[in-house]
file run-v9.txt (compact mmCIF, C-alpha atoms)
# COMPACT_ATOMS: atom_id res chain seq x y z
CA MET A 1 105.89 162.51 74.91
CA ARG A 2 106.35 163.93 71.39
CA ASN A 3 108.08 167.05 72.77
CA LEU A 4 110.36 164.93 74.96
CA LEU A 5 111.35 162.77 71.99
CA CYS A 6 112.15 165.83 69.85
CA LEU A 7 114.29 167.29 72.63
CA ILE A 8 116.32 164.12 73.04
CA VAL A 9 116.89 163.82 69.27
CA SER A 10 118.05 167.46 69.15
CA LEU A 11 120.48 167.05 72.05
CA LEU A 12 121.94 163.86 70.60
CA SER A 13 122.37 165.52 67.20
CA ILE A 14 124.12 168.54 68.73
CA GLY A 15 126.43 166.27 70.73
CA LEU A 16 127.22 164.19 67.69
CA TYR A 17 127.94 166.88 65.14
CA GLY A 18 129.43 169.42 67.55
CA GLN A 19 132.63 167.39 67.91
CA GLU A 20 135.69 167.98 65.75
CA GLU A 21 136.07 164.29 65.01
CA LYS A 22 133.20 162.69 63.14
CA HIS A 23 131.96 159.43 64.65
CA SER A 24 129.91 156.71 63.01
CA ALA A 25 126.53 156.36 64.70
CA TYR A 26 122.93 155.53 63.97
CA PHE A 27 119.39 155.80 65.30
CA ASP A 28 116.89 152.98 65.53
CA LEU A 29 113.18 153.00 66.29
CA ASN A 30 111.44 149.76 67.30
CA TYR A 31 107.77 149.02 67.85
CA PHE A 32 107.04 146.07 70.16
CA GLY A 33 103.99 144.15 71.30
CA GLY A 34 103.58 141.07 73.45
CA ASN A 35 102.40 139.59 76.73
CA ILE A 36 103.09 139.96 80.45
CA ALA A 37 104.61 136.73 81.76
CA LEU A 38 102.80 135.15 84.72
CA HIS A 39 105.74 134.65 87.09
CA ASN A 40 103.61 135.12 90.22
CA ASN A 41 99.92 134.32 90.70
CA SER A 42 99.42 137.54 92.67
CA ILE A 43 99.63 139.57 89.41
CA LEU A 44 97.05 137.44 87.56
CA HIS A 45 94.43 140.17 87.93
CA LEU A 46 96.82 142.69 86.31
CA ILE A 47 97.24 140.78 83.05
CA LYS A 48 94.47 142.13 80.84
CA GLY A 49 95.70 142.86 77.31
CA HIS A 50 98.80 142.80 75.14
CA PRO A 51 101.30 145.52 76.15
CA GLU A 52 102.87 147.54 73.37
CA GLY A 53 105.22 150.46 72.94
CA PHE A 54 108.34 151.75 71.25
CA ILE A 55 112.07 151.95 71.87
CA PHE A 56 114.02 154.84 70.36
CA SER A 57 117.82 154.55 70.54
CA TRP A 58 121.02 156.33 69.63
CA ASN A 59 123.97 154.01 69.01
CA LYS A 60 127.66 154.74 68.59
CA LYS A 61 129.69 152.17 66.67
CA THR A 62 133.18 150.94 67.55
CA PHE A 63 135.79 149.88 65.00
CA GLY A 64 138.69 148.60 67.07
CA ASN A 65 140.50 151.78 68.09
CA GLU A 66 140.85 150.19 71.53
CA ALA A 67 141.71 146.56 72.25
CA TRP A 68 138.47 145.83 74.14
CA GLU A 69 136.44 146.74 71.05
CA GLN A 70 138.24 144.08 69.01
CA ARG A 71 137.93 141.44 71.72
CA PHE A 72 134.14 141.92 71.86
CA ASN A 73 133.67 141.92 68.08
CA TYR A 74 133.20 145.70 67.74
CA PRO A 75 130.06 146.35 69.82
CA ASP A 76 127.91 149.48 69.81
CA TYR A 77 126.98 151.47 72.88
CA GLY A 78 124.34 154.11 73.36
CA ALA A 79 121.16 155.33 75.05
CA SER A 80 117.51 154.31 74.75
CA LEU A 81 114.14 155.88 75.46
CA MET A 82 111.24 153.45 75.97
CA TYR A 83 107.51 154.01 76.27
CA GLN A 84 105.23 151.10 77.18
CA ASP A 85 101.45 150.91 77.47
CA LEU A 86 100.82 148.01 79.88
CA LYS A 87 97.15 147.80 78.78
CA ASN A 88 95.79 147.99 82.32
CA LYS A 89 94.63 151.15 84.11
CA THR A 90 95.79 149.69 87.42
CA LEU A 91 99.36 149.25 86.14
CA GLY A 92 99.39 152.46 84.12
CA ASN A 93 102.17 153.13 81.62
CA ALA A 94 105.95 153.20 81.90
CA VAL A 95 108.59 155.55 80.47
CA GLY A 96 112.24 154.51 80.78
CA LEU A 97 115.74 155.81 80.02
CA TYR A 98 118.57 153.29 79.54
CA ALA A 99 122.23 152.88 78.73
CA HIS A 100 122.91 149.88 76.51
CA TYR A 101 125.47 147.78 74.65
CA ASN A 102 124.88 145.95 71.35
CA PHE A 103 126.91 142.76 70.79
CA TYR A 104 127.14 141.05 67.40
CA PHE A 105 127.22 137.41 66.28
CA LEU A 106 126.96 135.31 63.09
CA LYS A 107 128.82 137.67 60.77
CA ARG A 108 127.12 140.66 62.47
CA ASN A 109 123.66 139.55 61.31
CA VAL A 110 122.47 138.88 64.88
CA MET A 111 122.52 141.61 67.53
CA LEU A 112 122.08 141.15 71.29
CA ARG A 113 121.26 144.34 73.18
CA ILE A 114 121.50 144.63 76.97
CA GLY A 115 120.00 147.80 78.45
CA GLN A 116 119.84 148.98 82.07
CA GLY A 117 118.16 152.08 83.40
CA LEU A 118 115.31 153.69 85.32
CA ALA A 119 111.62 153.80 84.47
CA LEU A 120 108.75 155.98 85.67
CA SER A 121 105.44 154.27 86.48
CA THR A 122 102.44 156.53 85.90
CA ASN A 123 100.17 154.70 88.39
CA PRO A 124 102.05 152.99 91.25
CA TYR A 125 100.48 151.38 94.33
CA ASP A 126 98.48 153.60 96.64
CA LYS A 127 96.64 152.10 99.59
CA LEU A 128 93.60 154.32 99.01
CA GLU A 129 93.48 155.04 95.28
CA ASN A 130 95.30 152.08 93.66
CA ALA A 131 95.53 149.21 96.13
CA LYS A 132 95.30 146.55 93.40
CA ASN A 133 98.69 147.45 91.90
CA VAL A 134 100.83 144.96 93.81
CA ALA A 135 103.48 145.05 91.06
CA PHE A 136 104.88 148.56 91.58
CA GLY A 137 105.19 150.02 95.07
CA SER A 138 106.97 153.17 93.85
CA ASP A 139 106.86 155.47 90.84
CA ILE A 140 110.60 155.09 90.10
CA LEU A 141 111.57 151.58 89.02
CA SER A 142 114.75 149.77 88.09
CA SER A 143 114.39 148.40 84.58
CA THR A 144 116.34 146.02 82.36
CA TYR A 145 115.66 145.04 78.78
CA LEU A 146 117.15 142.43 76.47
CA MET A 147 116.69 142.45 72.71
CA ILE A 148 117.90 139.85 70.22
CA ASN A 149 117.42 140.88 66.60
CA TYR A 150 118.16 139.75 63.09
CA LYS A 151 119.50 142.93 61.57
CA LYS A 152 120.33 144.28 58.10
CA ASP A 153 121.73 147.80 57.76
CA ARG A 154 121.68 150.02 54.66
CA LEU A 155 119.02 148.10 52.73
CA ILE A 156 117.80 151.33 51.14
CA ASN A 157 120.51 154.01 51.26
CA ARG A 158 120.99 154.70 55.00
CA PHE A 159 117.88 152.83 56.11
CA GLY A 160 117.84 149.26 57.43
CA LEU A 161 115.54 146.83 59.21
CA GLN A 162 115.73 144.67 62.32
CA THR A 163 113.33 142.29 64.02
CA GLY A 164 113.36 139.85 66.89
CA LEU A 165 112.37 139.27 70.51
CA SER A 166 112.55 141.54 73.55
CA LEU A 167 112.29 140.95 77.30
CA ILE A 168 111.44 143.99 79.45
CA HIS A 169 111.62 143.90 83.25
CA TYR A 170 110.37 146.46 85.79
CA SER A 171 111.01 146.24 89.53
CA ASN A 172 111.86 148.55 92.41
CA ALA A 173 113.95 145.80 94.09
CA ASN A 174 112.01 146.10 97.36
CA PHE A 175 112.83 149.78 97.71
CA ARG A 176 109.18 150.03 98.75
CA ALA A 177 106.52 147.34 99.11
CA PRO A 178 104.69 145.93 97.23
CA ASN A 179 107.12 144.78 94.56
CA THR A 180 105.86 141.80 92.58
CA SER A 181 107.40 143.28 89.38
CA VAL A 182 106.36 142.81 85.73
CA ASN A 183 108.10 141.02 82.85
CA THR A 184 107.00 141.57 79.26
CA ILE A 185 107.92 139.17 76.45
CA ALA A 186 107.47 140.90 73.09
CA ILE A 187 108.12 140.75 69.37
CA ASN A 188 109.75 143.88 67.97
CA LEU A 189 110.12 145.33 64.50
CA GLY A 190 112.32 148.31 63.81
CA VAL A 191 114.02 150.59 61.34
CA THR A 192 117.62 151.85 61.53
CA TYR A 193 119.08 155.05 60.08
CA GLN A 194 122.82 155.54 59.64
CA LEU A 195 124.08 159.06 60.33
CA ASP A 196 127.13 158.63 58.08
CA SER A 197 127.29 157.79 54.39
CA GLU A 198 129.75 154.95 55.02
CA ASP A 199 131.61 153.29 57.88
CA PRO A 200 135.37 153.04 58.45
CA GLU A 201 137.08 149.66 58.16
CA PHE A 202 137.41 147.48 61.25
CA ILE A 203 140.86 147.53 62.85
CA GLU A 204 142.48 144.17 63.63
CA THR A 205 145.71 144.56 65.58
CA ILE A 206 145.50 142.34 68.66
CA GLU A 207 146.85 138.80 68.69
CA ASP A 208 146.24 135.90 71.05
CA GLU A 209 148.81 135.97 73.82
CA LYS A 210 149.38 134.33 77.17
CA PHE A 211 147.73 136.34 79.93
CA THR A 212 149.08 136.28 83.48
CA LYS A 213 147.99 138.41 86.43
CA THR A 214 148.48 138.03 90.15
CA VAL A 215 145.61 137.58 92.59
CA LYS A 216 143.95 140.88 93.52
CA TYR A 217 142.17 141.67 96.81
CA ASN A 218 138.95 143.68 96.85
CA PHE A 219 137.18 145.52 99.66
CA ALA A 220 133.73 147.03 99.09
CA PHE A 221 131.09 148.91 101.04
CA ARG A 222 127.49 148.80 99.80
CA SER A 223 124.38 150.54 101.05
CA GLY A 224 120.83 151.54 100.16
CA ILE A 225 117.24 151.52 101.42
CA ASN A 226 114.69 148.72 101.28
CA GLU A 227 111.51 147.36 102.85
CA SER A 228 110.17 143.90 103.66
CA ASP A 229 107.21 142.44 101.78
CA VAL A 230 104.88 143.62 104.55
CA ILE A 231 103.24 146.72 103.08
CA GLY A 232 103.67 149.75 105.31
CA SER A 233 106.37 148.17 107.48
CA GLY A 234 108.73 151.04 106.64
CA GLN A 235 111.92 151.66 104.69
CA PHE A 236 115.25 151.18 106.43
CA PRO A 237 118.91 151.59 105.43
CA PHE A 238 121.13 148.55 105.02
CA TYR A 239 124.90 148.15 104.96
CA VAL A 240 127.07 145.45 103.41
CA LEU A 241 130.80 144.88 103.96
CA SER A 242 132.50 142.66 101.38
CA ALA A 243 136.01 141.25 101.03
CA TYR A 244 137.05 138.99 98.19
CA ALA A 245 139.95 137.86 96.04
CA ASP A 246 139.87 137.69 92.27
CA LYS A 247 142.09 136.02 89.69
CA ARG A 248 142.14 137.23 86.08
CA LEU A 249 141.90 134.32 83.65
CA SER A 250 142.11 136.46 80.51
CA HIS A 251 141.83 140.06 79.32
CA VAL A 252 138.06 139.92 79.79
CA SER A 253 137.38 137.41 82.56
CA ALA A 254 138.11 136.87 86.26
CA ILE A 255 136.84 134.51 88.98
CA GLN A 256 136.14 135.58 92.58
CA PHE A 257 135.82 134.13 96.06
CA GLY A 258 134.90 136.09 99.16
CA ALA A 259 132.57 136.94 102.03
CA ASP A 260 129.77 139.42 102.79
CA VAL A 261 128.49 140.73 106.12
CA PHE A 262 124.92 142.08 105.91
CA PHE A 263 123.43 144.61 108.33
CA SER A 264 119.81 144.63 107.07
CA ASN A 265 117.75 146.87 109.33
CA PHE A 266 114.44 146.00 107.66
CA LEU A 267 114.87 142.52 109.16
CA LYS A 268 114.67 144.02 112.65
CA GLU A 269 111.13 145.21 111.92
CA LEU A 270 110.24 141.95 110.15
CA ILE A 271 111.48 139.86 113.08
CA TYR A 272 109.38 141.90 115.52
CA TYR A 273 106.33 141.76 113.23
CA SER A 274 106.63 137.99 112.83
CA SER A 275 107.00 137.47 116.58
CA VAL A 276 103.76 139.32 117.43
CA SER A 277 101.61 138.69 114.34
CA LEU A 278 102.63 135.25 113.05
CA PRO A 279 102.83 132.83 115.99
CA GLU A 280 102.82 129.85 113.63
CA GLU A 281 106.32 130.83 112.48
CA ASN A 282 107.77 130.36 116.00
CA VAL A 283 109.78 133.60 115.95
CA SER A 284 110.80 134.75 119.45
CA GLY A 285 111.73 138.31 118.47
CA ASP A 286 115.27 137.97 119.82
CA GLU A 287 116.78 136.65 116.56
CA ASP A 288 119.80 138.50 115.17
CA TYR A 289 119.12 140.56 112.05
CA LYS A 290 122.70 140.24 110.76
CA ARG A 291 123.80 137.64 108.17
CA VAL A 292 127.17 136.42 106.87
CA GLY A 293 127.63 134.82 103.47
CA LEU A 294 130.35 133.21 101.39
CA PHE A 295 130.25 133.58 97.61
CA VAL A 296 131.90 132.64 94.33
CA GLY A 297 131.69 135.00 91.40
CA HIS A 298 132.72 136.03 87.92
CA GLU A 299 133.63 139.41 86.46
CA LEU A 300 133.43 140.25 82.76
CA PHE A 301 135.57 143.28 81.84
CA ILE A 302 134.32 145.64 79.11
CA ASN A 303 136.65 148.63 78.85
CA ARG A 304 136.42 150.48 82.21
CA MET A 305 133.08 148.81 82.91
CA SER A 306 132.53 145.27 84.09
CA VAL A 307 129.61 142.94 84.71
CA GLU A 308 129.75 141.15 88.04
CA THR A 309 127.78 138.00 88.95
CA GLN A 310 128.00 136.21 92.30
CA LEU A 311 126.35 133.20 93.94
CA GLY A 312 126.39 133.17 97.75
CA TYR A 313 125.40 131.00 100.70
CA TYR A 314 124.65 132.28 104.21
CA VAL A 315 126.89 130.58 106.78
CA TYR A 316 125.42 132.72 109.59
CA TYR A 317 121.63 132.78 109.20
CA PRO A 318 119.74 133.24 112.49
CA PHE A 319 116.45 134.34 110.87
CA ASP A 320 114.90 132.64 107.86
CA PHE A 321 114.30 135.13 105.04
CA GLU A 322 113.87 133.84 101.46
CA GLY A 323 116.34 130.95 101.86
CA ARG A 324 120.07 130.54 102.44
CA THR A 325 121.31 131.14 98.90
CA TYR A 326 121.54 134.56 97.25
CA ILE A 327 122.52 136.06 93.90
CA ARG A 328 124.18 139.36 93.11
CA ILE A 329 124.46 140.82 89.61
CA GLY A 330 125.39 144.31 88.51
CA LEU A 331 127.75 146.81 86.94
CA LYS A 332 131.10 148.16 88.10
CA ARG A 333 132.95 151.22 86.86
CA TYR A 334 136.68 151.53 87.48
CA PHE A 335 138.27 154.89 88.21
CA GLY A 336 141.96 154.35 87.59
CA LYS A 337 143.50 150.99 88.44
CA LYS A 338 142.29 150.59 92.02
CA LEU A 339 139.05 152.43 92.81
CA PHE A 340 135.61 151.39 91.59
CA GLY A 341 131.93 152.16 92.01
CA ALA A 342 129.15 149.61 91.61
CA ILE A 343 125.39 149.25 91.29
CA THR A 344 124.21 145.71 91.99
CA LEU A 345 120.96 143.84 92.50
CA LYS A 346 120.84 141.29 95.31
CA SER A 347 118.11 138.65 95.12
CA HIS A 348 117.04 135.24 96.31
CA GLY A 349 116.23 133.49 93.06
CA ALA A 350 113.64 135.64 91.27
CA LYS A 351 112.83 137.51 94.49
CA ALA A 352 114.75 140.80 94.73
CA GLU A 353 115.92 142.06 98.12
CA ALA A 354 117.72 145.31 97.34
CA VAL A 355 119.57 147.52 94.89
CA GLU A 356 123.03 148.12 96.35
CA PHE A 357 125.14 151.20 95.67
CA GLY A 358 128.78 150.51 96.40
CA ILE A 359 132.32 151.83 96.40
CA GLY A 360 135.49 149.80 96.71
CA VAL A 361 139.18 149.30 96.14
CA ARG A 362 141.04 146.57 94.24
CA LEU A 363 144.61 146.05 95.49

call {"tool": "encode", "arguments": {"input": "run-v9.txt", "output": "structure tokens"}}
result
Amino acid sequence: MRNLLCLIVSLLSIGLYGQEEKHSAYFDLNYFGGNIALHNNSILHLIKGHPEGFIFSWNKKTFGNEAWEQRFNYPDYGASLMYQDLKNKTLGNAVGLYAHYNFYFLKRNVMLRIGQGLALSTNPYDKLENAKNVAFGSDILSSTYLMINYKKDRLINRFGLQTGLSLIHYSNANFRAPNTSVNTIAINLGVTYQLDSEDPEFIETIEDEKFTKTVKYNFAFRSGINESDVIGSGQFPFYVLSAYADKRLSHVSAIQFGADVFFSNFLKELIYYSSVSLPEENVSGDEDYKRVGLFVGHELFINRMSVETQLGYYVYYPFDFEGRTYIRIGLKRYFGKKLFGAITLKSHGAKAEAVEFGIGVRL
């Protein structure tokens, strides 16, 4: 771990100082400790101690060179490395890499960080050697962390302090069963180090103006692999076709309305399994595995990235799986004015169904 940390610091330093234009950036190192939240009774046996770890981050500041930076109060963006000891041999430890944004409030004294990335579990489920780990069915996990800190930079020369609360989530989104997931609520304390002796002034050039855009039409194709909650039932590909309209309300916000068609092959196996193994559920085995949903959504635009949230309801629902409502949340990246790629999480409440990888066009 120490060698990996040194390598990342070296690469970031080379990337930072190897450019002709000097950018204002900083490192921060946070220690955290807390508790695993009991969101599901099936993980009660996995909650033994108080997980702890550290988050090491590189952050690049913005000063308003682009309009989106001014509209979002000059956020930072960067990369994080996290190590967490989950204080349970069954769960093992986790090492994650993340991309993140820092948003500022209350005269830049309060920072909200949102990080998304991948984590490696050192001891995932194994039916012979680690059958008690019902939280992580795979060694690669999707991970999200939120951090809200009170922050003061440059208290002693280039050093500053920050402290607050963090929420850390690990899940493989039913890529492989089991997948109960783990959420850690922690208190963090950290130190910041500014790489530049002083920062440039913030640029203020944009003015409030009336924003008008026509309705745009979107078509997306999403796919991936997932498994039902029945351990060993197998991983199957799924396909999602989506069509929706969106209307921009401002430079940063749009509302959506549309439809999804789901071809979820894991449901074929689940329908068959239920018909032969669970007679009390009255499943014949002839039910259709396809579903159709209608949804409303919102898109928050941050430069070429956007955050998409959608709430849907199945209007065609021949087989009961986790209820008729669903949620989708994720990130989009625009390539030019029309094409985009997306990574989204689809869930039913707190129960994840799949991570979707998508491409689409906005006309």

call {"tool": "residues_around", "arguments": {"input": "run-v9.txt", "residues": "Asn93 of chain A", "least_positions_apart": "3", "cutoff": "8 Å", "atoms": "all atoms listed in the file", "output": "PyMOL selection string"}}
result
chain A and resi 83-87+121-123

call {"tool": "residues_around", "arguments": {"input": "run-v9.txt", "residues": "Asp260 of chain A", "least_positions_apart": "4", "cutoff": "9 Å", "atoms": "all atoms listed in the file", "output": "ChimeraX atom specification"}}
result
/A:240-244,291-295,312,314

call {"tool": "closest_residue", "arguments": {"input": "run-v9.txt", "among": "A:Leu81, A:Val95, A:Met147, A:Val230", "to": "Leu29 of chain A", "atoms": "all atoms listed in the file"}}
result
A:Leu81

call {"tool": "atom_distance", "arguments": {"input": "run-v9.txt", "atom1": "atom CA of Leu331 of chain A", "atom2": "atom CA of Glu299 of chain A"}}
result
9.5 Å

call {"tool": "closest_residue", "arguments": {"input": "run-v9.txt", "among": "A:Ile329, A:Ala254, A:Ile168, A:Val134", "to": "Thr180 of chain A", "atoms": "all atoms listed in the file"}}
result
A:Val134

call {"tool": "closest_residue", "arguments": {"input": "run-v9.txt", "among": "A:Gln310, A:Ser253, A:Ser347, A:Asn282", "to": "Trp68 of chain A", "atoms": "all atoms listed in the file"}}
result
A:Ser253

call {"tool": "closest_residue", "arguments": {"input": "run-v9.txt", "among": "A:Val361, A:Ala173, A:Ile156, A:Lys210", "to": "Ser197 of chain A", "atoms": "all atoms listed in the file"}}
result
A:Ile156

call {"tool": "residues_around", "arguments": {"input": "run-v9.txt", "residues": "Phe357 of chain A", "least_positions_apart": "2", "cutoff": "6 Å", "atoms": "all atoms listed in the file", "output": "PyMOL selection string"}}
result
chain A and resi 222-223+342-343

call {"tool": "closest_residue", "arguments": {"input": "run-v9.txt", "among": "A:Phe238, A:Phe32, A:Tyr145, A:Tyr150", "to": "Phe105 of chain A", "atoms": "only C-alpha atoms"}}
result
A:Tyr150

call {"tool": "residues_around", "arguments": {"input": "run-v9.txt", "residues": "Leu345 of chain A", "least_positions_apart": "4", "cutoff": "10 Å", "atoms": "only C-alpha atoms", "output": "PyMOL selection string"}}
result
chain A and resi 142+173+309+327-331+352-357

call {"tool": "axis_aligned_box", "arguments": {"input": "run-v9.txt", "around": "segment 337-352 of chain A", "padding_each_side": "6 Å", "output": "lines of an AutoDock Vina configuration file"}}
result
center_x = 128.2
center_y = 143.0
center_z = 92.4
size_x = 42.7
size_y = 30.9
size_z = 19.9

call {"tool": "atom_distance", "arguments": {"input": "run-v9.txt", "atom1": "atom CA of Asp76 of chain A", "atom2": "atom CA of Phe103 of chain A"}}
result
6.9 Å

call {"tool": "decode", "arguments": {"input": "run-v9.txt", "residues": "segment 310-352 of chain A", "atoms": "C-alpha atoms", "output": "short mmCIF file (atom, residue, chain, number, x, y, z; two decimals), in the first residue's frame"}}
result
data_model
loop_
_atom_site.label_atom_id
_atom_site.label_comp_id
_atom_site.auth_asym_id
_atom_site.auth_seq_id
_atom_site.Cartn_x
_atom_site.Cartn_y
_atom_site.Cartn_z
CA GLN A 310 -35.08 9.11 -13.01
CA LEU A 311 -38.13 7.62 -11.28
CA GLY A 312 -40.02 4.98 -13.27
CA TYR A 313 -43.12 2.80 -13.08
CA TYR A 314 -43.60 -0.50 -14.93
CA VAL A 315 -46.73 -0.39 -17.11
CA TYR A 316 -46.00 -3.89 -18.47
CA TYR A 317 -45.03 -6.13 -15.54
CA PRO A 318 -45.88 -9.82 -16.08
CA PHE A 319 -43.53 -11.15 -13.36
CA ASP A 320 -43.23 -9.61 -9.91
CA PHE A 321 -39.61 -8.66 -9.15
CA GLU A 322 -38.88 -6.10 -6.41
CA GLY A 323 -42.02 -4.01 -7.09
CA ARG A 324 -43.35 -1.84 -9.90
CA THR A 325 -41.35 1.33 -9.25
CA TYR A 326 -37.67 1.76 -10.13
CA ILE A 327 -34.95 4.39 -9.79
CA ARG A 328 -32.06 5.20 -12.09
CA ILE A 329 -29.17 7.48 -11.15
CA GLY A 330 -25.84 7.98 -12.85
CA LEU A 331 -23.39 10.01 -14.90
CA LYS A 332 -23.43 11.06 -18.54
CA ARG A 333 -20.57 12.38 -20.64
CA TYR A 334 -21.32 14.34 -23.80
CA PHE A 335 -19.11 14.01 -26.87
CA GLY A 336 -19.97 17.03 -28.97
CA LYS A 337 -23.53 18.31 -28.99
CA LYS A 338 -25.39 15.09 -29.78
CA LEU A 339 -23.60 11.92 -28.68
CA PHE A 340 -23.24 10.76 -25.08
CA GLY A 341 -22.09 7.84 -22.98
CA ALA A 342 -23.54 6.93 -19.59
CA ILE A 343 -22.98 4.76 -16.54
CA THR A 344 -26.11 4.39 -14.43
CA LEU A 345 -27.34 2.36 -11.48
CA LYS A 346 -30.86 0.94 -11.68
CA SER A 347 -32.50 -0.05 -8.40
CA HIS A 348 -35.79 -0.73 -6.68
CA GLY A 349 -35.55 1.48 -3.63
CA ALA A 350 -32.35 0.48 -1.80
CA LYS A 351 -32.16 -2.81 -3.73
CA ALA A 352 -29.84 -2.55 -6.75
#
